[in-house]
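See below for query-v9.txt, which holds compact mmCIF, C-alpha atoms.
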```
# COMPACT_ATOMS: atom_id res chain seq x y z
CA MET A 10 -0.46 40.03 22.19
CA PHE A 11 -2.28 42.81 20.30
CA LYS A 12 -0.69 41.61 17.09
CA LEU A 13 -1.98 38.11 17.76
CA LYS A 14 -5.49 39.39 18.49
CA LEU A 15 -5.52 41.57 15.37
CA ASP A 16 -4.27 38.63 13.32
CA MET A 17 -7.11 36.48 14.68
CA LEU A 18 -9.73 39.13 13.92
CA LEU A 19 -8.51 39.48 10.34
CA SER A 20 -8.57 35.71 9.94
CA LEU A 21 -12.11 35.53 11.33
CA PHE A 22 -13.18 38.24 8.90
CA LEU A 23 -11.72 36.27 5.99
CA LYS A 24 -13.38 33.07 7.17
CA VAL A 25 -16.80 34.73 7.38
CA ALA A 26 -16.29 36.33 3.96
CA PHE A 27 -15.34 32.97 2.43
CA ALA A 28 -18.37 31.31 4.03
CA VAL A 29 -20.69 33.99 2.62
CA LEU A 30 -19.20 33.55 -0.86
CA SER A 31 -19.57 29.78 -0.60
CA LEU A 32 -23.21 30.17 0.45
CA LEU A 33 -23.85 32.57 -2.43
CA THR A 34 -22.21 30.13 -4.86
CA ILE A 35 -24.46 27.25 -3.80
CA SER A 36 -27.45 29.59 -3.77
CA PHE A 37 -26.73 30.75 -7.31
CA LEU A 38 -26.09 27.28 -8.70
CA SER A 39 -29.22 25.81 -7.13
CA GLY A 40 -31.28 28.61 -8.63
CA ALA A 41 -29.60 28.68 -12.05
CA MET A 42 -29.76 24.92 -12.56
CA LEU A 43 -32.64 22.51 -12.59
CA LYS A 44 -32.87 20.36 -9.49
CA ASN A 45 -31.55 17.28 -11.29
CA GLU A 46 -28.68 19.28 -12.80
CA PHE A 47 -27.68 20.72 -9.43
CA GLY A 48 -27.83 17.24 -7.92
CA ALA A 49 -25.58 15.91 -10.70
CA TYR A 50 -23.17 18.79 -10.13
CA SER A 51 -22.96 18.03 -6.39
CA TYR A 52 -22.48 14.33 -7.08
CA TYR A 53 -19.60 14.85 -9.52
CA PHE A 54 -17.99 17.44 -7.27
CA SER A 55 -17.94 14.92 -4.41
CA ILE A 56 -16.34 12.31 -6.66
CA TYR A 57 -13.57 14.71 -7.65
CA SER A 58 -13.05 15.64 -4.00
CA LEU A 59 -12.61 11.97 -3.11
CA CYS A 60 -9.83 11.81 -5.71
CA LEU A 61 -7.82 14.13 -3.44
CA ILE A 62 -7.59 11.56 -0.64
CA PRO A 63 -4.17 10.13 -1.68
CA PHE A 64 -2.74 13.66 -1.41
CA THR A 65 -4.47 14.59 1.84
CA VAL A 66 -1.08 14.41 3.53
CA GLY A 67 -1.12 15.04 7.28
CA PHE A 68 1.56 17.73 7.18
CA SER A 69 -0.73 20.63 8.09
CA ARG A 70 -1.83 19.41 11.52
CA PHE A 71 1.64 18.13 12.35
CA ASN A 72 3.32 21.40 11.36
CA VAL A 73 0.97 23.52 13.45
CA ARG A 74 1.33 21.33 16.53
CA PHE A 75 5.12 20.98 16.27
CA LEU A 76 5.92 24.65 15.65
CA ALA A 77 3.46 25.88 18.27
CA SER A 78 5.00 23.62 20.90
CA ILE A 79 8.60 24.91 20.56
CA ASP A 80 10.20 28.21 21.54
CA SER A 81 9.04 31.13 19.39
CA ASN A 82 12.66 32.09 18.60
CA LEU A 83 13.21 28.73 16.90
CA ARG A 84 10.05 28.58 14.81
CA THR A 85 11.27 30.38 11.68
CA SER A 86 14.44 28.32 11.39
CA GLU A 87 12.63 25.06 12.14
CA ALA A 88 10.07 25.90 9.44
CA VAL A 89 12.86 25.68 6.85
CA SER A 90 13.96 22.22 8.07
CA ILE A 91 10.37 20.97 8.07
CA PHE A 92 9.68 22.36 4.60
CA LYS A 93 12.74 20.66 3.09
CA ALA A 94 11.94 17.29 4.71
CA GLU A 95 8.27 17.34 3.74
CA VAL A 96 8.96 18.32 0.13
CA LYS A 97 11.19 15.25 -0.12
CA ILE A 98 8.39 13.06 1.23
CA LEU A 99 5.97 14.62 -1.24
CA ALA A 100 8.40 13.98 -4.09
CA VAL A 101 8.49 10.27 -3.24
CA MET A 102 4.69 10.14 -2.98
CA ILE A 103 4.23 11.95 -6.29
CA LEU A 104 6.72 9.63 -8.02
CA PHE A 105 4.91 6.59 -6.64
CA SER A 106 1.51 7.96 -7.70
CA LEU A 107 2.86 8.71 -11.17
CA CYS A 108 4.08 5.11 -11.54
CA VAL A 109 0.64 3.82 -10.50
CA PHE A 110 -1.03 6.21 -12.95
CA LEU A 111 1.20 5.00 -15.81
CA LEU A 112 0.37 1.37 -14.98
CA LEU A 113 -3.35 2.17 -15.09
CA LEU A 114 -3.05 4.40 -18.15
CA SER A 115 -4.61 1.87 -20.51
CA PHE A 116 -7.68 1.57 -18.28
CA LEU A 117 -8.33 5.31 -17.90
CA SER A 118 -10.28 7.58 -20.22
CA PHE A 119 -8.19 10.62 -21.16
CA SER A 120 -9.35 14.20 -20.90
CA GLU A 121 -7.55 17.53 -20.65
CA VAL A 122 -9.25 18.23 -17.34
CA LEU A 123 -7.96 14.96 -15.86
CA ILE A 124 -4.39 15.62 -16.98
CA ILE A 125 -4.34 19.18 -15.62
CA PHE A 126 -5.98 17.96 -12.44
CA LEU A 127 -3.24 15.37 -11.86
CA ILE A 128 -0.56 18.00 -12.49
CA VAL A 129 -2.13 20.51 -10.13
CA ILE A 130 -2.65 18.22 -7.12
CA PRO A 131 1.05 17.92 -6.11
CA PHE A 132 1.39 21.71 -6.12
CA VAL A 133 -1.68 21.93 -3.92
CA ALA A 134 0.05 19.64 -1.43
CA VAL A 135 3.15 21.89 -1.42
CA LYS A 136 0.91 24.93 -0.97
CA ASN A 137 -0.73 23.31 2.06
CA VAL A 138 2.70 22.71 3.61
CA ILE A 139 3.64 26.37 3.18
CA VAL A 140 0.50 27.88 4.68
CA SER A 141 0.50 25.40 7.58
CA LEU A 142 4.03 26.55 8.49
CA TYR A 143 2.71 30.11 8.77
CA ARG A 144 -0.13 28.94 11.00
CA GLY A 145 2.31 26.97 13.14
CA MET A 146 4.32 30.15 13.71
CA GLY A 147 1.19 31.90 14.93
CA ARG A 148 0.67 33.93 11.75
CA THR A 149 -2.93 32.94 11.26
CA PHE A 150 -3.71 35.59 8.67
CA TYR A 151 -0.71 34.68 6.52
CA GLY A 152 -1.60 31.00 6.89
CA ASN A 153 -5.00 31.65 5.31
CA PHE A 154 -3.85 34.18 2.71
CA ASP A 155 -4.26 31.69 -0.14
CA GLY A 156 -8.01 32.09 0.06
CA LEU A 157 -7.98 35.90 0.05
CA PHE A 158 -8.14 36.09 -3.72
CA ALA A 159 -8.91 32.46 -4.58
CA PHE A 160 -12.42 32.40 -3.12
CA PRO A 161 -13.73 35.60 -4.74
CA LEU A 162 -12.23 34.62 -8.09
CA LEU A 163 -13.65 31.12 -7.70
CA PHE A 164 -17.10 32.62 -7.17
CA LEU A 165 -16.78 34.68 -10.35
CA ALA A 166 -15.48 31.64 -12.24
CA VAL A 167 -18.48 29.57 -11.13
CA LEU A 168 -20.85 32.27 -12.34
CA TYR A 169 -19.13 32.38 -15.74
CA LEU A 170 -18.79 28.63 -16.20
CA SER A 171 -22.38 28.00 -15.16
CA HIS A 172 -23.58 30.28 -17.93
CA GLU A 173 -21.11 29.10 -20.58
CA PHE A 174 -21.29 25.34 -20.07
CA LEU A 175 -24.35 23.17 -19.76
CA ASN A 176 -22.28 20.05 -19.18
CA ILE A 177 -22.57 19.61 -15.40
CA GLU A 178 -19.60 17.24 -15.10
CA LEU A 179 -17.39 19.71 -16.97
CA THR A 180 -18.57 22.55 -14.72
CA ALA A 181 -17.71 20.56 -11.60
CA SER A 182 -14.29 19.69 -13.02
CA TYR A 183 -13.42 23.28 -13.81
CA ASN A 184 -14.79 24.40 -10.47
CA VAL A 185 -12.25 22.22 -8.66
CA LEU A 186 -9.48 23.09 -11.12
CA VAL A 187 -9.97 26.87 -10.88
CA PHE A 188 -10.01 26.77 -7.09
CA PHE A 189 -6.78 24.81 -6.80
CA THR A 190 -4.97 26.78 -9.50
CA LEU A 191 -5.80 30.15 -7.96
CA SER A 192 -4.96 28.84 -4.53
CA ILE A 193 -1.52 27.75 -5.70
CA VAL A 194 -0.69 30.92 -7.61
CA MET A 195 -1.70 33.35 -4.86
CA THR A 196 0.05 31.39 -2.12
CA LEU A 197 3.32 30.99 -4.03
CA ILE A 198 3.37 34.69 -4.90
CA PHE A 199 2.81 35.56 -1.26
CA TYR A 200 5.39 33.03 -0.11
CA VAL A 201 8.07 34.51 -2.39
CA SER A 202 7.28 38.03 -1.16
CA LYS A 203 7.64 36.90 2.49
CA LEU A 204 10.67 34.66 1.89
CA PHE A 205 12.94 36.84 3.99
CA GLN A 206 11.06 35.71 7.10
CA PHE A 207 12.45 32.18 6.76
CA LYS A 208 16.06 32.63 7.86
CA LEU A 209 18.32 29.97 9.25
CA ASN A 210 20.24 30.51 12.50
CA ASN A 211 23.07 28.71 14.22
CA ASN A 212 20.89 26.88 16.72
CA CYS A 213 20.72 23.11 16.60
CA SER A 214 17.63 21.91 14.81
CA VAL A 215 14.86 20.58 17.01
CA PHE A 216 13.08 18.88 14.12
CA LYS A 217 14.26 15.36 13.31
CA LEU A 218 12.60 13.24 10.64
CA ASP A 219 12.49 10.06 12.71
CA LYS A 220 10.06 7.18 13.13
CA LYS A 221 7.95 9.10 15.65
CA VAL A 222 7.50 12.05 13.30
CA LEU A 223 6.67 9.81 10.34
CA THR A 224 4.13 7.92 12.47
CA SER A 225 2.44 11.19 13.48
CA ILE A 226 2.34 12.39 9.86
CA ALA A 227 0.91 9.03 8.75
CA LEU A 228 -1.82 9.20 11.41
CA PHE A 229 -2.67 12.80 10.50
CA THR A 230 -2.83 11.72 6.86
CA LEU A 231 -5.31 8.97 7.70
CA ILE A 232 -7.37 11.38 9.83
CA GLY A 233 -7.38 13.91 6.97
CA ALA A 234 -8.47 11.22 4.53
CA LEU A 235 -11.31 10.26 6.87
CA ASP A 236 -12.34 13.93 7.08
CA VAL A 237 -12.64 14.05 3.29
CA LEU A 238 -14.58 10.78 3.30
CA ASN A 239 -16.95 12.02 5.99
CA THR A 240 -17.60 15.20 4.00
CA HIS A 241 -18.18 13.69 0.56
CA LEU A 242 -18.82 9.96 0.86
CA ASP A 243 -22.42 10.41 2.00
CA ILE A 244 -23.25 12.43 -1.13
CA THR A 245 -21.45 9.88 -3.31
CA ILE A 246 -23.43 7.01 -1.74
CA LEU A 247 -26.66 8.99 -2.06
CA GLY A 248 -25.96 9.72 -5.73
CA SER A 249 -25.18 6.07 -6.43
CA LEU A 250 -28.13 4.50 -4.61
CA SER A 251 -30.77 7.21 -4.93
CA THR A 252 -31.67 10.02 -7.36
CA VAL A 253 -29.75 13.20 -8.19
CA SER A 254 -32.80 15.11 -6.96
CA GLU A 255 -32.19 13.64 -3.50
CA VAL A 256 -28.54 14.69 -3.79
CA ALA A 257 -29.61 18.26 -4.54
CA GLU A 258 -31.86 18.33 -1.48
CA TYR A 259 -29.12 16.96 0.77
CA LYS A 260 -26.58 19.44 -0.64
CA VAL A 261 -28.87 22.36 0.22
CA SER A 262 -29.39 20.93 3.72
CA SER A 263 -25.63 20.54 4.19
CA THR A 264 -25.12 24.14 3.09
CA LEU A 265 -27.52 25.33 5.78
CA LYS A 266 -25.69 23.12 8.29
CA SER A 267 -22.39 24.77 7.31
CA VAL A 268 -23.78 28.12 8.46
CA VAL A 269 -24.21 26.72 11.97
CA LEU A 270 -20.70 25.25 11.81
CA LEU A 271 -19.21 28.63 10.90
CA PRO A 272 -18.42 29.80 14.48
CA MET A 273 -16.37 26.71 15.35
CA GLN A 274 -14.78 26.58 11.89
CA SER A 275 -13.74 30.20 12.35
CA PHE A 276 -12.21 29.42 15.74
CA MET A 277 -10.39 26.50 14.13
CA LEU A 278 -8.17 29.04 12.36
CA PHE A 279 -6.24 29.55 15.59
CA ILE A 280 -7.43 26.79 17.97
CA PRO A 281 -4.75 24.24 16.87
CA PHE A 282 -1.95 26.78 17.45
CA LEU A 283 -3.22 28.00 20.82
CA PHE A 284 -4.05 24.54 22.16
CA SER A 285 -0.67 23.13 21.12
CA LYS A 286 1.18 26.14 22.53
CA TYR A 287 -0.53 26.13 25.93
CA TYR A 288 -0.40 22.35 26.30
CA ALA A 289 3.33 22.21 25.44
CA ASN A 290 4.03 24.94 28.00
CA THR A 291 1.80 23.15 30.58
CA ASN A 292 -0.41 26.23 30.88
CA LEU A 293 -3.43 24.02 31.50
CA VAL A 294 -5.32 26.60 33.57
CA ILE A 295 -5.13 29.15 30.73
CA LEU A 296 -5.98 26.42 28.22
CA GLN A 297 -9.09 25.44 30.22
CA LYS A 298 -10.23 29.08 30.37
CA ASN A 299 -9.79 29.47 26.61
CA ILE A 300 -11.80 26.30 26.04
CA HIS A 301 -14.61 27.65 28.21
CA TYR A 302 -14.70 30.97 26.32
CA LEU A 303 -14.77 29.20 22.96
CA VAL A 304 -17.51 26.79 24.07
CA ILE A 305 -19.71 29.64 25.34
CA LEU A 306 -19.32 31.65 22.13
CA ASN A 307 -19.97 28.63 19.94
CA VAL A 308 -23.05 27.44 21.87
CA VAL A 309 -24.60 30.92 21.88
CA ALA A 310 -24.00 31.35 18.13
CA CYS A 311 -25.42 27.90 17.30
CA ALA A 312 -28.43 28.44 19.55
CA CYS A 313 -29.20 31.78 17.89
CA PHE A 314 -29.17 30.27 14.41
CA LEU A 315 -31.24 27.29 15.56
CA VAL A 316 -33.92 29.61 16.92
CA VAL A 317 -33.89 31.67 13.72
CA TYR A 318 -34.21 28.55 11.60
CA VAL A 319 -37.05 27.12 13.70
CA PHE A 320 -39.17 30.25 13.15
CA TRP A 321 -37.99 31.42 9.71
CA GLY A 322 -36.48 28.33 8.09
CA GLY A 323 -38.95 28.31 5.21
CA GLN A 324 -38.30 31.99 4.43
CA ILE A 325 -34.53 31.41 4.51
CA ILE A 326 -34.78 28.53 2.04
CA HIS A 327 -37.09 30.57 -0.21
CA LEU A 328 -34.71 33.55 -0.13
CA LEU A 329 -31.43 31.69 -0.67
CA PHE A 330 -32.58 28.85 -2.90
CA SER A 331 -36.11 28.43 -4.26
CA ASP A 332 -39.52 27.04 -3.38
CA GLU A 333 -38.41 23.83 -5.08
CA TYR A 334 -36.31 23.08 -1.98
CA LEU A 335 -38.86 23.93 0.72
CA GLN A 336 -39.27 20.24 1.58
CA VAL A 337 -35.65 20.08 2.80
CA LYS A 338 -36.52 22.09 5.92
CA SER A 339 -36.94 18.96 8.05
CA ILE A 340 -33.73 17.38 6.67
CA ALA A 341 -31.75 20.53 7.38
CA MET A 342 -33.31 20.72 10.86
CA ILE A 343 -31.89 17.29 11.71
CA LEU A 344 -28.37 18.38 10.70
CA ILE A 345 -28.63 21.78 12.44
CA VAL A 346 -29.83 20.24 15.71
CA SER A 347 -26.95 17.76 15.60
CA VAL A 348 -24.45 20.61 15.21
CA PHE A 349 -26.02 22.43 18.18
CA ILE A 350 -25.80 19.30 20.35
CA SER A 351 -22.20 18.84 19.20
CA SER A 352 -21.37 22.42 20.23
CA LEU A 353 -22.29 21.54 23.81
CA PHE A 354 -19.29 19.19 23.99
CA GLY A 355 -16.68 21.64 22.66
CA PRO A 356 -13.50 21.25 20.57
CA SER A 357 -12.48 17.94 22.12
CA ILE A 358 -10.96 16.41 18.98
CA GLU A 359 -8.55 19.32 18.48
CA LEU A 360 -7.56 19.11 22.16
CA LEU A 361 -6.75 15.42 21.78
CA ILE A 362 -4.66 16.16 18.68
CA ALA A 363 -2.84 19.04 20.38
CA SER A 364 -1.99 16.78 23.32
CA GLY A 365 -0.53 14.02 21.11
CA HIS A 366 -3.45 11.55 21.08
CA GLU A 367 -3.86 11.40 17.30
CA LYS A 368 -3.89 7.58 17.36
CA LEU A 369 -6.99 7.68 19.58
CA VAL A 370 -8.60 10.29 17.30
CA PHE A 371 -8.00 8.07 14.29
CA LYS A 372 -9.65 5.09 16.00
CA LEU A 373 -12.67 7.20 16.97
CA VAL A 374 -13.12 8.78 13.54
CA PHE A 375 -12.56 5.52 11.67
CA GLY A 376 -14.96 3.54 13.86
CA ILE A 377 -17.74 6.11 13.58
CA MET A 378 -17.20 6.56 9.84
CA PHE A 379 -17.33 2.80 9.28
CA ILE A 380 -20.62 2.46 11.17
CA THR A 381 -22.04 5.52 9.38
CA THR A 382 -21.08 4.16 5.96
CA VAL A 383 -22.68 0.79 6.68
CA GLY A 384 -25.79 2.61 7.89
CA ASN A 385 -25.91 4.79 4.77
CA LEU A 386 -25.60 1.76 2.51
CA SER A 387 -28.43 0.07 4.42
CA ILE A 388 -31.04 2.84 4.56
CA THR A 389 -30.28 5.15 1.61
CA VAL A 390 -32.33 3.18 -0.91
CA LYS A 391 -35.45 3.34 1.28
CA TYR A 392 -35.12 6.74 2.99
CA GLY A 393 -32.91 8.71 0.60
CA ALA A 394 -31.63 12.10 1.81
CA LEU A 395 -33.53 11.81 5.10
CA GLY A 396 -31.74 8.58 5.99
CA VAL A 397 -28.32 10.02 5.11
CA ALA A 398 -29.08 13.10 7.24
CA ILE A 399 -30.02 10.96 10.24
CA MET A 400 -26.82 8.90 9.98
CA SER A 401 -24.73 12.06 9.57
CA ALA A 402 -26.38 13.63 12.63
CA LEU A 403 -25.76 10.53 14.74
CA SER A 404 -22.10 10.43 13.71
CA ILE A 405 -21.58 14.12 14.57
CA ILE A 406 -23.16 13.74 18.03
CA THR A 407 -21.41 10.45 18.81
CA LEU A 408 -17.96 11.77 17.87
CA SER A 409 -18.49 14.89 20.02
CA ILE A 410 -19.59 12.91 23.09
CA LEU A 411 -16.78 10.35 22.82
CA GLY A 412 -14.22 13.07 22.10
CA CYS A 413 -15.30 15.01 25.19
CA TYR A 414 -15.12 11.87 27.33
CA PHE A 415 -11.62 10.91 26.20
CA ALA A 416 -10.37 14.51 26.36
CA TYR A 417 -11.24 14.58 30.06
CA ARG A 418 -9.92 11.09 30.66
CA LYS A 419 -6.59 11.59 28.84
CA VAL A 420 -5.86 15.32 29.31
CA ARG A 421 -7.98 16.05 32.42
CA LEU A 422 -9.58 19.05 30.74
CA ASN A 423 -13.32 19.47 30.31
CA THR A 424 -14.40 20.72 26.89
CA SER A 425 -18.17 20.57 27.45
CA VAL A 426 -20.58 23.27 28.53
CA PHE A 427 -21.75 20.86 31.23
CA GLY A 428 -18.32 21.00 32.83
CA LEU A 429 -18.54 24.79 32.86
CA CYS A 430 -21.97 24.59 34.53
CA THR A 431 -20.51 22.25 37.15
CA ILE A 432 -17.75 24.75 37.96
CA PHE A 433 -20.27 27.56 38.46
CA PHE A 434 -22.45 25.28 40.60
CA VAL A 435 -19.54 24.22 42.83
CA LYS A 436 -18.35 27.82 43.26
CA GLY A 437 -21.87 28.96 44.12
CA PHE A 438 -22.32 26.11 46.60
CA ARG A 439 -19.02 26.91 48.32
CA GLY A 440 -19.88 30.60 48.52
CA HIS A 441 -23.28 29.83 50.05
CA ASP A 442 -21.72 27.36 52.50
CA SER A 443 -19.14 29.88 53.71
```
Just give me the structure of the file as structure tokens.
Amino acid sequence: MFKLKLDMLLSLFLKVAFAVLSLLTISFLSGAMLKNEFGAYSYYFSIYSLCLIPFTVGFSRFNVRFLASIDSNLRTSEAVSIFKAEVKILAVMILFSLCVFLLLLSFLSFSEVLIIFLIVIPFVAVKNVIVSLYRGMGRTFYGNFDGLFAFPLLFLAVLYLSHEFLNIELTASYNVLVFFTLSIVMTLIFYVSKLFQFKLNNNCSVFKLDKKVLTSIALFTLIGALDVLNTHLDITILGSLSTVSEVAEYKVSSTLKSVVLLPMQSFMLFIPFLFSKYYANTNLVILQKNIHYLVILNVVACACFLVVYVFWGGQIIHLLFSDEYLQVKSIAMILIVSVFISSLFGPSIELLIASGHEKLVFKLVFGIMFITTVGNLSITVKYGALGVAIMSALSIITLSILGCYFAYRKVRLNTSVFGLCTIFFVKGFRGHDS
């Protein structure tokens, strides 16, 4: 147990360090570039991120849930079977994508960055399979090792490229390329050094690549694609229908929102493993207690940042960015308040995934994303970044409320802080009555 706790603490430390570096990167770029240049950079970066959707394969979530739900003595051997099967699937997908690319070759404009980018993406997918297997075996730190050197080196690369190149599109391209390349190299080196941990035994394999498994992977792939769309489509729409200056303002607001999301994103390093493990072992009482602890920590952390931003938001923007972005305070406030409200309903989506309700999660995410996209297309021209922020806030709150409702209805576990308050109220009432 101590090893697991130490592993979690190290992972949390890495997550916080990565978040700080990401914040510093955005802070530096927004200060080093003109507002229009930074907006163009954010717009192009979102476009390149959307190009990853075909390779957002749902192996990671499936691997964590499957390995966490089986006996710990079988996990290392099952990881080998899963890795072999998923590499074969990736090979078919890559071959298919290559054929499509060759058919469209005459319609595409060539560049060295595009070629390297297409070569790198399949290796990124393999890297994601490897690190998700580590997370599924409960080795959270190892499962996030790829970022240990990639993020600091990425930060240094951004500093260098921002000074050397004035072409914003080129900078965004190399930004993505450097991140993926470093991520691949560091993870593969680490994987080779830890290869001895993946040893086969004589037990019968639990993992079978059947229709049920393929359906789960397909659903996780669609959910992952929707996650990418939710993250970058709003900026892409804003850049297409409004000005790059509005994109820059929304990017700064989203960066401030990411600070409030940090507590739950940090917990997400080990939440999928723990939830899947406890649910598979029917330890629902322990699972409910863990949910309550996580909800309390997350709500307190979000509330603290919200209070700080209410009183010192202008100073924070001035310190991290520049006075040019002071007008984004109200836009960022909308996003930050939505994250705080969302924290009140807890990690319901991950609970639904851990309990095997990924089809329901897909329907929820797709429905909300569709409505949000239609809303963005309708109001972006008139309201710009403010309109996109309002639609994003509504989607975050709606998904949290619906997720909490269905988590209680399907799994009979309450992920909200209101459920925790009810428990305390009932206990107090019973104690007073006795």
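Between CA of Gly365 (chain A) and CA of Tyr414 (chain A) there is a distance of 16.0 Å.
Atom to atom, CA of Ile380 (chain A) and CA of Ser352 (chain A) stand 21.9 Å apart.
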Pick from A:Leu83, A:Leu369, A:Leu104, A:Val261, whichever lies nearest to Ser331 (chain A) using only C-alpha atoms: A:Val261
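Here the question is which of A:Leu315, A:Leu30, A:Leu76, A:Ala363 gets nearest to Phe229 (chain A) using all atoms listed in the file, and that residue is A:Ala363.
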Which residue of A:Phe330, A:Thr224, A:Phe150, A:Val319 approaches Ala41 (chain A) most closely, using only C-alpha atoms: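 Once distances to Ala41 (chain A) are computed over only C-alpha atoms, the minimum belongs to A:Phe330.
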Proximity to Ser225 (chain A) - best of A:Arg148, A:His301, A:His366, A:Lys260, all atoms listed in the file: A:His366
Proximity to Gln274 (chain A) - best of A:Pro356, A:Phe320, A:Gly152, A:Val253, all atoms listed in the file: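 Between A:Pro356, A:Phe320, A:Gly152, A:Val253, the residue approaching Gln274 (chain A) most closely is A:Pro356.
In this model, the gap between CA of Ser36 (chain A) and CA of Ala341 (chain A) comes to 15.0 Å.
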Exercise: Val370 (chain A) partners within 10 Å, all atoms listed in the file, chain neighbours under 3 positions left out, as a list in words: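 Residues meeting the cut-off are Leu228, Phe229, Ile232, Ser357, Ile358, Glu359, Leu361, Ile362, Gly365, His366, Glu367, Leu373, Val374, Phe375, Gly376, Leu408, Leu411, Gly412 and Phe415 of chain A.
With all atoms listed in the file as the atoms that count, the minimum distance from Val309 (chain A) to the choices A:Gln324, A:Gly147, A:Lys44, A:Leu353 is reached by A:Leu353.
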Point (-39.3, 27.9, -6.3) neighbourhood (12 Å, all atoms listed in the file) written as a PyMOL selection string: chain A and resi 39-44+323-324+326-336
Radius query 12 Å about (7.4, 17.6, -2.0), atoms used: only C-alpha atoms, as a VMD selection string: chain A and resid 64 66 68 91 to 104 130 to 139
